[in-house]
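Source file: data.cif (mmCIF, C-alpha atoms and all ligand atoms)
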data_input
#
loop_
_atom_site.label_atom_id
_atom_site.label_comp_id
_atom_site.auth_asym_id
_atom_site.auth_seq_id
_atom_site.Cartn_x
_atom_site.Cartn_y
_atom_site.Cartn_z
CA MET L 254 -45.18 -3.01 -37.80
CA LEU L 255 -45.13 -4.67 -34.38
CA LYS L 256 -48.31 -6.42 -33.24
CA VAL L 257 -49.78 -5.60 -29.83
CA GLU L 258 -48.82 -9.02 -28.37
CA GLU L 259 -45.26 -8.77 -29.71
CA ALA L 260 -44.84 -5.38 -28.09
CA LEU L 261 -46.22 -6.71 -24.84
CA THR L 262 -43.81 -9.65 -24.87
CA ILE L 263 -40.85 -7.33 -25.38
CA ILE L 264 -42.00 -5.19 -22.46
CA ILE L 265 -42.59 -8.08 -20.09
CA ASP L 266 -39.19 -9.56 -21.00
CA SER L 267 -37.48 -6.24 -20.32
CA VAL L 268 -38.89 -5.35 -16.91
CA LEU L 269 -37.96 -7.04 -13.67
CA GLN L 270 -39.78 -7.45 -10.43
CA LEU L 271 -38.53 -4.94 -7.88
CA ASN L 272 -36.87 -5.90 -4.61
CA ALA L 273 -38.67 -6.18 -1.29
CA GLU L 274 -39.23 -3.69 1.48
CA THR L 275 -40.55 -4.13 5.00
CA VAL L 276 -43.77 -2.42 5.97
CA SER L 277 -45.89 -2.49 9.09
CA LEU L 278 -48.82 -4.87 9.10
CA THR L 279 -51.26 -1.95 8.96
CA ASN L 280 -49.55 -0.63 5.84
CA SER L 281 -49.49 -3.97 4.06
CA LEU L 282 -53.08 -3.97 2.75
CA GLY L 283 -53.13 -4.24 -1.03
CA ARG L 284 -49.42 -5.02 -1.20
CA ILE L 285 -47.76 -8.08 -2.69
CA LEU L 286 -46.16 -10.52 -0.30
CA ALA L 287 -42.44 -10.95 -1.05
CA GLU L 288 -41.84 -14.06 1.10
CA ASP L 289 -43.54 -17.35 1.87
CA ILE L 290 -45.10 -17.36 5.31
CA PHE L 291 -44.77 -20.43 7.51
CA SER L 292 -46.52 -20.75 10.84
CA LYS L 293 -44.24 -21.22 13.85
CA GLY L 294 -47.07 -22.81 15.79
CA ASP L 295 -50.60 -24.11 15.60
CA ILE L 296 -53.44 -21.60 15.19
CA PRO L 297 -55.32 -21.94 17.45
CA ALA L 298 -52.49 -22.99 19.71
CA LEU L 299 -54.56 -25.29 21.96
CA ASP L 300 -57.76 -27.31 21.71
CA ASN L 301 -60.43 -24.92 22.94
CA SER L 302 -64.13 -24.63 23.48
CA ALA L 303 -66.42 -23.59 20.63
CA MET L 304 -69.25 -22.86 23.09
CA ASP L 305 -70.05 -21.50 26.50
CA GLY L 306 -70.89 -24.59 28.57
CA TYR L 307 -69.24 -27.38 30.56
CA ALA L 308 -66.17 -29.38 29.68
CA LEU L 309 -66.67 -33.02 30.63
CA LYS L 310 -66.13 -36.68 29.76
CA SER L 311 -68.63 -37.64 27.07
CA SER L 312 -68.99 -41.08 28.65
CA ASP L 313 -70.50 -39.37 31.71
CA THR L 314 -73.42 -38.13 29.58
CA LYS L 315 -74.54 -41.61 28.41
CA GLY L 316 -78.30 -41.89 28.80
CA ALA L 317 -78.77 -38.23 29.84
CA SER L 318 -82.06 -36.59 28.86
CA SER L 319 -84.24 -33.79 30.22
CA GLY L 320 -86.29 -36.39 32.10
CA THR L 321 -83.26 -38.32 33.42
CA PRO L 322 -80.44 -35.79 33.73
CA LYS L 323 -76.94 -36.83 34.78
CA ILE L 324 -75.48 -34.87 37.68
CA LEU L 325 -71.84 -33.77 37.62
CA GLU L 326 -69.75 -31.85 40.16
CA VAL L 327 -68.40 -28.51 38.89
CA ILE L 328 -64.77 -28.30 40.05
CA ASP L 329 -63.54 -25.12 38.32
CA GLU L 330 -64.46 -22.28 35.99
CA LEU L 331 -62.47 -21.23 32.90
CA LYS L 332 -62.72 -17.92 31.10
CA ALA L 333 -61.18 -17.37 27.67
CA GLY L 334 -57.51 -16.57 28.17
CA MET L 335 -57.16 -18.77 31.26
CA ILE L 336 -55.68 -22.23 31.55
CA THR L 337 -56.14 -24.58 34.46
CA THR L 338 -54.12 -27.38 36.01
CA SER L 339 -57.32 -29.09 37.19
CA GLU L 340 -58.00 -32.43 35.61
CA ILE L 341 -61.52 -33.73 35.14
CA LYS L 342 -62.28 -37.14 36.61
CA HIS L 343 -65.43 -39.20 36.13
CA GLY L 344 -68.45 -37.41 37.59
CA GLN L 345 -66.85 -33.98 37.22
CA ALA L 346 -67.16 -30.98 34.88
CA ILE L 347 -65.52 -27.57 34.48
CA LYS L 348 -67.53 -24.52 33.47
CA ILE L 349 -65.91 -23.17 30.33
CA MET L 350 -66.32 -20.10 28.07
CA THR L 351 -65.89 -19.95 24.30
CA GLY L 352 -62.21 -19.92 23.38
CA ALA L 353 -60.92 -21.25 26.72
CA PRO L 354 -58.50 -24.21 26.40
CA ILE L 355 -60.01 -27.61 27.09
CA PRO L 356 -58.90 -28.86 30.53
CA ARG L 357 -57.15 -32.20 30.94
CA GLY L 358 -59.47 -35.17 31.23
CA ALA L 359 -62.30 -33.59 29.21
CA ASP L 360 -63.07 -34.80 25.70
CA SER L 361 -66.10 -32.63 24.90
CA VAL L 362 -68.12 -29.57 25.84
CA ILE L 363 -71.87 -29.44 26.41
CA MET L 364 -73.63 -26.19 25.59
CA VAL L 365 -74.87 -24.27 28.60
CA GLU L 366 -78.36 -24.40 27.05
CA ASP L 367 -78.42 -28.19 27.55
CA THR L 368 -77.61 -27.99 31.27
CA GLY L 369 -79.13 -26.73 34.52
CA ARG L 370 -76.95 -25.43 37.34
CA GLU L 371 -77.67 -26.36 40.94
CA GLY L 372 -75.08 -24.97 43.36
CA ARG L 373 -71.84 -27.00 43.02
CA ASN L 374 -73.54 -29.41 40.61
CA VAL L 375 -74.70 -29.25 37.04
CA LYS L 376 -77.53 -31.28 35.50
CA ILE L 377 -76.77 -32.63 32.03
CA PHE L 378 -79.88 -32.95 29.85
CA LYS L 379 -78.33 -34.41 26.73
CA GLU L 380 -75.73 -36.89 25.56
CA VAL L 381 -72.65 -35.44 23.89
CA GLU L 382 -70.17 -37.20 21.66
CA SER L 383 -66.44 -37.27 22.14
CA GLY L 384 -64.94 -34.17 20.47
CA GLU L 385 -68.23 -32.25 20.41
CA ASN L 386 -67.87 -28.44 20.58
CA ILE L 387 -64.08 -28.62 20.64
CA ARG L 388 -62.02 -26.56 18.20
CA LYS L 389 -58.85 -28.50 17.55
CA ALA L 390 -55.41 -26.92 17.83
CA GLY L 391 -54.18 -26.06 14.32
CA GLU L 392 -57.63 -26.31 12.74
CA ASP L 393 -57.07 -22.88 11.12
CA ILE L 394 -53.34 -23.13 10.39
CA LYS L 395 -51.01 -25.95 11.38
CA LYS L 396 -47.48 -25.46 12.64
CA GLY L 397 -45.10 -25.38 9.66
CA GLU L 398 -47.93 -24.92 7.19
CA SER L 399 -47.44 -22.28 4.53
CA GLY L 400 -50.35 -20.01 5.27
CA MET L 401 -49.57 -17.70 2.37
CA GLN L 402 -47.27 -17.72 -0.61
CA LYS L 403 -44.96 -15.14 -2.07
CA GLY L 404 -46.92 -13.13 -4.64
CA ALA L 405 -50.16 -13.14 -2.66
CA LEU L 406 -52.16 -9.94 -2.73
CA LEU L 407 -52.71 -8.98 0.89
CA LYS L 408 -56.38 -8.45 1.71
CA ALA L 409 -58.23 -8.17 5.02
CA PRO L 410 -58.16 -11.90 5.94
CA HIS L 411 -54.44 -12.08 5.08
CA LEU L 412 -53.76 -9.26 7.54
CA GLY L 413 -55.81 -11.13 10.14
CA ILE L 414 -53.77 -14.31 9.65
CA LEU L 415 -50.47 -12.39 9.71
CA ALA L 416 -51.60 -10.80 12.97
CA ALA L 417 -52.53 -14.22 14.38
CA LEU L 418 -49.05 -15.46 13.40
CA GLY L 419 -47.45 -12.62 15.34
CA MET L 420 -46.06 -10.65 12.39
CA PRO L 421 -46.16 -6.88 13.01
CA GLU L 422 -43.90 -6.34 9.98
CA ILE L 423 -44.24 -7.83 6.53
CA LYS L 424 -41.90 -8.10 3.54
CA VAL L 425 -43.67 -6.86 0.41
CA THR L 426 -42.53 -6.03 -3.10
CA ARG L 427 -41.61 -2.39 -3.48
CA LYS L 428 -44.04 -0.15 -5.37
CA PRO L 429 -42.59 1.11 -8.65
CA VAL L 430 -41.87 4.81 -8.60
CA ALA L 431 -42.95 6.19 -11.98
CA ALA L 432 -41.73 9.52 -13.33
CA ILE L 433 -44.28 11.33 -15.51
CA LEU L 434 -43.10 13.94 -17.97
CA ALA L 435 -45.36 15.89 -20.30
CA THR L 436 -43.62 17.31 -23.38
CA GLY L 437 -44.71 20.12 -25.68
CA ASP L 438 -44.20 23.87 -26.12
CA GLU L 439 -47.97 24.25 -26.21
CA LEU L 440 -48.51 22.93 -22.70
CA ILE L 441 -49.29 24.82 -19.51
CA ASP L 442 -50.13 23.36 -16.10
CA VAL L 443 -53.53 23.14 -14.48
CA GLY L 444 -53.14 26.19 -12.26
CA GLU L 445 -51.83 28.48 -14.98
CA LYS L 446 -53.86 31.20 -16.68
CA ALA L 447 -55.27 30.28 -20.10
CA VAL L 448 -53.14 31.60 -22.97
CA PRO L 449 -54.35 31.57 -26.60
CA GLY L 450 -52.78 28.64 -28.45
CA LYS L 451 -51.77 26.82 -25.26
CA LEU L 452 -53.51 23.89 -23.62
CA ARG L 453 -53.36 22.38 -20.19
CA THR L 454 -51.48 19.18 -19.65
CA SER L 455 -54.30 16.75 -18.94
CA ASN L 456 -52.00 13.79 -19.64
CA THR L 457 -49.98 14.54 -16.53
CA TYR L 458 -53.07 13.90 -14.45
CA THR L 459 -54.50 10.91 -16.32
CA LEU L 460 -51.09 9.21 -16.20
CA TYR L 461 -50.66 10.18 -12.56
CA SER L 462 -54.02 8.55 -11.80
CA GLN L 463 -53.26 5.45 -13.82
CA VAL L 464 -49.93 4.94 -12.04
CA LEU L 465 -51.64 5.26 -8.66
CA SER L 466 -54.53 2.99 -9.67
CA TYR L 467 -52.21 0.09 -10.45
CA GLY L 468 -50.07 0.36 -7.36
CA GLY L 469 -47.26 2.64 -8.51
CA ILE L 470 -45.99 5.86 -6.94
CA PRO L 471 -46.28 8.71 -9.45
CA VAL L 472 -43.71 11.50 -9.52
CA ASN L 473 -44.66 14.50 -11.63
CA LEU L 474 -41.62 15.86 -13.50
CA GLY L 475 -43.69 18.69 -14.98
CA ILE L 476 -43.55 19.87 -18.58
CA ALA L 477 -40.56 19.74 -20.92
CA LYS L 478 -40.12 22.06 -23.88
CA ASP L 479 -39.76 20.67 -27.41
CA GLU L 480 -36.08 21.41 -27.18
CA PRO L 481 -33.33 18.75 -26.75
CA ASP L 482 -31.45 20.22 -23.80
CA ASN L 483 -34.56 20.96 -21.81
CA LEU L 484 -35.99 17.51 -22.59
CA MET L 485 -32.76 15.83 -21.55
CA LYS L 486 -32.58 17.80 -18.32
CA LYS L 487 -36.14 16.85 -17.40
CA ILE L 488 -35.64 13.19 -18.28
CA LYS L 489 -32.45 13.16 -16.18
CA SER L 490 -34.43 14.48 -13.21
CA GLY L 491 -36.45 11.25 -13.32
CA MET L 492 -33.55 8.83 -13.57
CA GLU L 493 -33.82 7.86 -9.89
CA CYS L 494 -37.29 6.48 -10.56
CA ASP L 495 -38.01 2.86 -11.51
CA VAL L 496 -39.74 3.74 -14.77
CA ILE L 497 -40.04 6.90 -16.87
CA ILE L 498 -43.23 7.74 -18.74
CA THR L 499 -43.30 10.65 -21.16
CA SER L 500 -46.19 11.88 -23.26
CA GLY L 501 -46.06 13.68 -26.58
CA GLY L 502 -43.23 14.23 -29.02
CA VAL L 503 -42.91 10.65 -30.31
CA SER L 504 -44.48 10.97 -33.77
CA MET L 505 -42.85 12.01 -37.04
CA GLY L 506 -43.25 15.79 -36.59
CA ASP L 507 -40.38 18.29 -36.71
CA TYR L 508 -40.64 18.82 -32.97
CA ASP L 509 -40.99 15.18 -31.96
CA LEU L 510 -37.66 14.86 -30.20
CA VAL L 511 -38.28 12.35 -27.45
CA LYS L 512 -36.81 9.33 -29.27
CA ASP L 513 -33.68 11.19 -30.37
CA VAL L 514 -33.07 12.51 -26.89
CA PHE L 515 -33.37 9.05 -25.35
CA VAL L 516 -30.96 7.72 -28.00
CA LYS L 517 -28.54 10.54 -27.24
CA MET L 518 -28.73 9.62 -23.57
CA GLY L 519 -27.59 6.08 -24.41
CA ALA L 520 -30.97 4.37 -24.27
CA ASP L 521 -31.60 1.00 -25.82
CA ILE L 522 -34.69 1.49 -28.00
CA LYS L 523 -36.75 -1.72 -28.19
CA PHE L 524 -39.59 -0.43 -30.38
CA TRP L 525 -41.26 2.72 -31.54
CA LYS L 526 -44.43 1.81 -33.42
CA ILE L 527 -47.25 -0.61 -32.81
CA ALA L 528 -49.96 -1.61 -35.29
CA MET L 529 -52.81 -0.12 -33.30
CA ARG L 530 -55.08 2.87 -33.01
CA PRO L 531 -55.10 4.92 -30.93
CA GLY L 532 -51.47 4.90 -29.96
CA LYS L 533 -49.46 3.89 -33.00
CA PRO L 534 -46.29 5.72 -32.02
CA ILE L 535 -45.30 4.22 -28.70
CA LEU L 536 -41.68 4.25 -27.78
CA PHE L 537 -40.29 1.67 -25.42
CA GLY L 538 -36.78 0.94 -24.29
CA THR L 539 -34.42 0.81 -21.36
CA ILE L 540 -32.04 3.43 -20.12
CA LYS L 541 -29.37 2.46 -17.57
CA GLY L 542 -31.36 -0.76 -17.17
CA LYS L 543 -34.60 1.01 -16.37
CA PRO L 544 -37.64 0.85 -18.61
CA PHE L 545 -39.11 3.95 -20.20
CA PHE L 546 -42.23 4.58 -22.25
CA GLY L 547 -42.74 7.41 -24.73
CA LEU L 548 -46.51 7.61 -25.04
CA PRO L 549 -48.23 9.72 -27.70
CA GLY L 550 -49.47 13.17 -26.79
CA ASN L 551 -53.12 12.82 -27.66
CA PRO L 552 -54.99 12.28 -24.40
CA VAL L 553 -56.84 9.11 -25.42
CA SER L 554 -53.76 7.60 -27.10
CA SER L 555 -51.71 8.21 -24.01
CA MET L 556 -54.34 6.58 -21.76
CA VAL L 557 -54.86 3.57 -24.04
CA GLY L 558 -51.09 3.18 -24.45
CA PHE L 559 -50.77 3.16 -20.67
CA GLU L 560 -53.62 0.69 -20.26
CA MET L 561 -52.19 -1.76 -22.77
CA PHE L 562 -48.44 -1.49 -22.11
CA VAL L 563 -47.45 0.50 -19.02
CA ARG L 564 -50.00 -1.12 -16.75
CA PRO L 565 -48.66 -4.68 -17.36
CA ALA L 566 -45.13 -3.40 -16.74
CA ILE L 567 -46.13 -1.81 -13.43
CA LEU L 568 -47.94 -4.97 -12.40
CA LYS L 569 -44.89 -7.07 -13.15
CA MET L 570 -42.52 -4.69 -11.35
CA SER L 571 -44.66 -4.77 -8.23
CA GLY L 572 -45.16 -8.54 -8.40
CA GLN L 573 -48.89 -8.30 -9.06
CA ARG L 574 -50.77 -10.82 -11.16
CA ASP L 575 -52.99 -9.36 -13.83
CA GLU L 576 -56.33 -10.68 -12.64
CA ASP L 577 -58.78 -7.84 -13.01
CA ARG L 578 -58.94 -7.40 -16.77
CA LYS L 579 -61.70 -9.53 -18.22
CA GLU L 580 -62.34 -9.95 -21.90
CA ALA L 581 -65.66 -11.09 -23.26
CA ASP L 582 -67.60 -11.44 -26.49
CA ALA L 583 -70.22 -8.77 -27.11
CA ILE L 584 -72.70 -7.93 -29.83
CA LEU L 585 -71.83 -4.71 -31.62
CA GLU L 586 -74.74 -2.27 -31.72
CA GLU L 587 -73.53 -0.08 -34.59
CA ASP L 588 -71.70 -0.29 -37.92
CA ILE L 589 -68.00 0.54 -37.73
CA LYS L 590 -65.48 1.35 -40.44
CA LYS L 591 -61.81 1.10 -39.55
CA LYS L 592 -58.42 1.23 -41.16
CA LYS L 593 -57.02 -2.10 -42.28
CA GLY L 594 -53.74 -3.24 -40.75
CA LEU L 595 -54.23 -1.68 -37.32
CA ARG L 596 -55.90 -3.12 -34.26
CA PHE L 597 -58.53 -0.69 -33.05
CA PHE L 598 -59.40 0.04 -29.44
CA LEU L 599 -62.70 1.89 -29.28
CA ARG L 600 -64.06 3.39 -26.11
CA ALA L 601 -67.31 1.65 -25.31
CA GLN L 602 -70.17 1.05 -22.94
CA THR L 603 -70.83 -2.65 -22.62
CA ARG L 604 -73.85 -3.99 -20.77
CA TRP L 605 -75.34 -7.37 -19.95
CA GLU L 606 -78.82 -7.85 -21.32
CA ASN L 607 -80.87 -11.05 -21.70
CA GLY L 608 -77.85 -13.28 -21.32
CA VAL L 609 -75.48 -11.48 -23.69
CA TYR L 610 -73.18 -8.48 -23.67
CA LEU L 611 -74.17 -5.61 -25.94
CA THR L 612 -71.64 -2.93 -26.74
CA LYS L 613 -71.56 0.50 -28.36
CA THR L 614 -69.04 3.30 -28.63
CA THR L 615 -69.22 6.29 -26.31
CA GLY L 616 -69.63 8.79 -29.13
CA PRO L 617 -66.95 10.43 -31.31
CA GLN L 618 -63.69 8.49 -31.08
CA GLY L 619 -61.11 11.18 -31.87
CA SER L 620 -57.90 10.58 -29.93
CA ALA L 621 -58.19 14.05 -28.38
CA ILE L 622 -61.72 13.36 -27.09
CA LEU L 623 -60.99 12.35 -23.52
CA LYS L 624 -64.70 12.26 -22.72
CA SER L 625 -64.94 9.10 -24.85
CA MET L 626 -62.69 7.46 -22.26
CA MET L 627 -64.51 8.95 -19.29
CA LEU L 628 -67.81 7.48 -20.44
CA ALA L 629 -66.35 4.06 -21.24
CA ASN L 630 -66.46 0.94 -19.09
CA SER L 631 -64.67 -1.10 -21.74
CA LEU L 632 -62.70 -1.10 -24.96
CA ILE L 633 -63.98 -2.75 -28.12
CA ILE L 634 -61.05 -4.56 -29.75
CA LEU L 635 -61.26 -4.85 -33.52
CA PRO L 636 -58.77 -7.08 -35.36
CA GLU L 637 -56.14 -5.81 -37.81
CA ASP L 638 -57.54 -7.41 -40.96
CA GLU L 639 -61.11 -6.14 -40.65
CA GLU L 640 -62.29 -3.01 -42.40
CA TYR L 641 -66.08 -2.92 -42.13
CA ILE L 642 -67.72 -4.39 -39.06
CA LYS L 643 -71.49 -4.64 -39.22
CA LYS L 644 -73.97 -4.03 -36.44
CA GLY L 645 -74.83 -7.39 -34.84
CA THR L 646 -71.29 -8.78 -35.27
CA LYS L 647 -69.71 -10.54 -32.29
CA VAL L 648 -66.66 -8.54 -31.15
CA SER L 649 -64.18 -8.72 -28.30
CA VAL L 650 -64.41 -6.26 -25.43
CA ARG L 651 -61.97 -5.63 -22.63
CA PHE L 652 -63.45 -4.30 -19.42
CA LEU L 653 -61.73 -1.40 -17.73
CA ASN L 654 -61.96 -0.95 -13.97
P1 LIG C 701 -47.64 15.23 -29.97
O1 LIG C 701 -47.67 13.73 -29.83
O2 LIG C 701 -46.62 15.88 -29.14
O3 LIG C 701 -47.57 15.63 -31.41
O4 LIG C 701 -49.04 15.72 -29.45
C1 LIG C 701 -50.20 15.32 -30.08
C2 LIG C 701 -51.37 16.08 -29.55
O5 LIG C 701 -51.55 15.83 -28.17
C3 LIG C 701 -51.23 17.58 -29.69
O6 LIG C 701 -52.45 18.12 -30.12
C4 LIG C 701 -50.91 18.02 -28.28
O7 LIG C 701 -51.31 19.32 -28.03
C5 LIG C 701 -51.61 17.01 -27.43
N1 LIG C 701 -50.90 16.87 -26.18
C6 LIG C 701 -49.58 16.62 -26.07
N2 LIG C 701 -49.22 16.55 -24.78
C7 LIG C 701 -50.35 16.73 -24.07
C8 LIG C 701 -50.65 16.75 -22.68
N3 LIG C 701 -49.69 16.56 -21.78
N4 LIG C 701 -51.93 16.95 -22.30
C9 LIG C 701 -52.89 17.12 -23.20
N5 LIG C 701 -52.69 17.11 -24.52
C10 LIG C 701 -51.43 16.91 -24.95
MG MG C 702 -45.67 17.63 -29.02
#
Using structure tokens, write down the structure that the file contains.
Ligand code: AMP
Ligand code: MG
Amino acid sequence: MLKVEEALTIIIDSVLQLNAETVSLTNSLGRILAEDIFSKGDIPALDNSAMDGYALKSSDTKGASSGTPKILEVIDELKAGMITTSEIKHGQAIKIMTGAPIPRGADSVIMVEDTGREGRNVKIFKEVESGENIRKAGEDIKKGESGMQKGALLKAPHLGILAALGMPEIKVTRKPVAAILATGDELIDVGEKAVPGKLRTSNTYTLYSQVLSYGGIPVNLGIAKDEPDNLMKKIKSGMECDVIITSGGVSMGDYDLVKDVFVKMGADIKFWKIAMRPGKPILFGTIKGKPFFGLPGNPVSSMVGFEMFVRPAILKMSGQRDEDRKEADAILEEDIKKKKGLRFFLRAQTRWENGVYLTKTTGPQGSAILKSMMLANSLIILPEDEEYIKKGTKVSVRFLN
């Protein structure tokens, strides 16, 4: 049977990054940049004052102190946003506000706190050095510099820089549109009246949430019957989407028809079973070039299957790097018996205590016990060849969001 990593490699090799779309700057937060950004000019554009004070020649402040101030003539006043044609000569200064461009002839700014104004003159109480309190043009971003690279995740400072560069519209990678189809004669939807023997499709809503959480656009195709024509019709209704995700109907039962229907529709099946629990039957393939996943019906299996296989596919399609899944070693706080040959993913609470992680399961681990997932902040990963794992053993955990 296929190992988890082998399955993952097949998936990553089969899905492609989507093309780009243009969005407004305000809609670009959290999106993935689809182009390299080069600055057409210096940011800031001109040398400007870092302080409210007086622009002057530093040489004119030589020997200045509170006891022996230097006196300069104030020839102009500059607010932020203004520029002046005045040029400072020896013995002169221009009053300047933070952000205003440095006038010609000045090489420094003295803080207003170190001066005293007297009519048309200003007393300078301190020496300043050449370049003091001047923000140089291009100190943030230089002309031609690549401020941001393709693939960057756009966060608040990125939006600020894009605004500073004069970019009201941004090219980002398109979000994958993911069709979600629940399958099973026993299923009813959330708003429907309870019927004996039927159960509500919780998978539709966990999968919907997972798609949204990782930057996809979920499209709910509803519930398909365990009947080939109906299944095919529902799958066809999702063919415009970038990826199709079904749940249920992929095991060995008499009414597990999902694989056969995909085959009948001309799909290229890449794999069907992975050596793991929960989630052994997981179908993956492409249909008309688009990837599809047949996840198992049990609520935990479907969620874990998504976490391990669909999530990386969605990240790749949208150009995201997988940066927020951390794995760590943790000390197991209970004895565990597992089946040999399968990698186990147990729902767990992992906490940091006295310099180590401690981990324990969130109660009964049945694949229909969705609460085990709700209470988990992590998955304990137990290797294929183990059978008995003793309390106190170091195990691997994978943190969920
Ligand atoms: P299946 O994989 O179709 O044999 O389904 C396995 C188990 O998962 C059965 O007990 C189903 O009732 C349950 N199941 C299947 N689909 C869903 C769903 N959409 N929501 C909740 N449970 C489901
Ligand atoms: Mg079923």
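Selecting all polymer residues at most 9 Å from ligand MG 702 (chain C), using all atoms listed in the file, gives L:Ala435, L:Thr436, L:Gly437, L:Asp438, L:Glu439, L:Leu440, L:Lys478, L:Asp479, L:Ser500, L:Gly501, L:Gly502, L:Val503, L:Ser504, L:Gly506, L:Tyr508, L:Asp509, L:Leu510, L:Pro549, L:Gly550, L:Asn551.
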Could you jot down the atom CA of Gln270 of chain L to atom CA of Leu406 of chain L separation for me, Å, one decimal place?
-> 14.8 Å
Between atom C8 of ligand LIG 701 (chain C) and atom CA of Leu474 of chain L, measure the distance and give it in Å to one decimal.
->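 Rounded to one decimal, the two atoms are 12.9 Å apart.
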May I ask for the distance between atom CA of Val327 of chain L and atom CA of Lys342 of chain L, given in Å to one decimal place?
->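 Value for the atom CA of Val327 of chain L-atom CA of Lys342 of chain L distance: 10.8 Å.
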Could you name the residues that touch segment 454-460 of chain L at 10 Å or less, counting all atoms listed in the file, but leaving out those on the same chain fewer than 2 positions away, as an NGL selection string?
-> :L and (431-437 or 439-443 or 451-452 or 462-466 or 471-476 or 498-501 or 548-556 or 559-560 or 563 or 623)
Determine the nearest neighbour of ligand LIG 701 (chain C) from the options L:Ala477, L:Ala520, L:Ile642, L:Leu599, counting all atoms listed in the file.
-> L:Ala477
Point out the residue among L:Ile423, L:Ile377, L:Ile567, L:Val448 with the least atom-to-atom distance to Ile470 of chain L, counting only C-alpha atoms.
->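 Distance minimum relative to Ile470 of chain L lands on L:Ile567.
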So which one's closest to ligand LIG 701 (chain C), L:Ala359, L:Val511, L:Val516, L:Leu628? Using all atoms listed in the file, please.
-> L:Val511
Which residue out of L:Ala447, L:Val268, L:Leu282, L:Ile584 has the minimum interatomic distance to Ile540 of chain L when all atoms listed in the file are used?
->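 Looking at the shortest contact to Ile540 of chain L, the residue is L:Val268.
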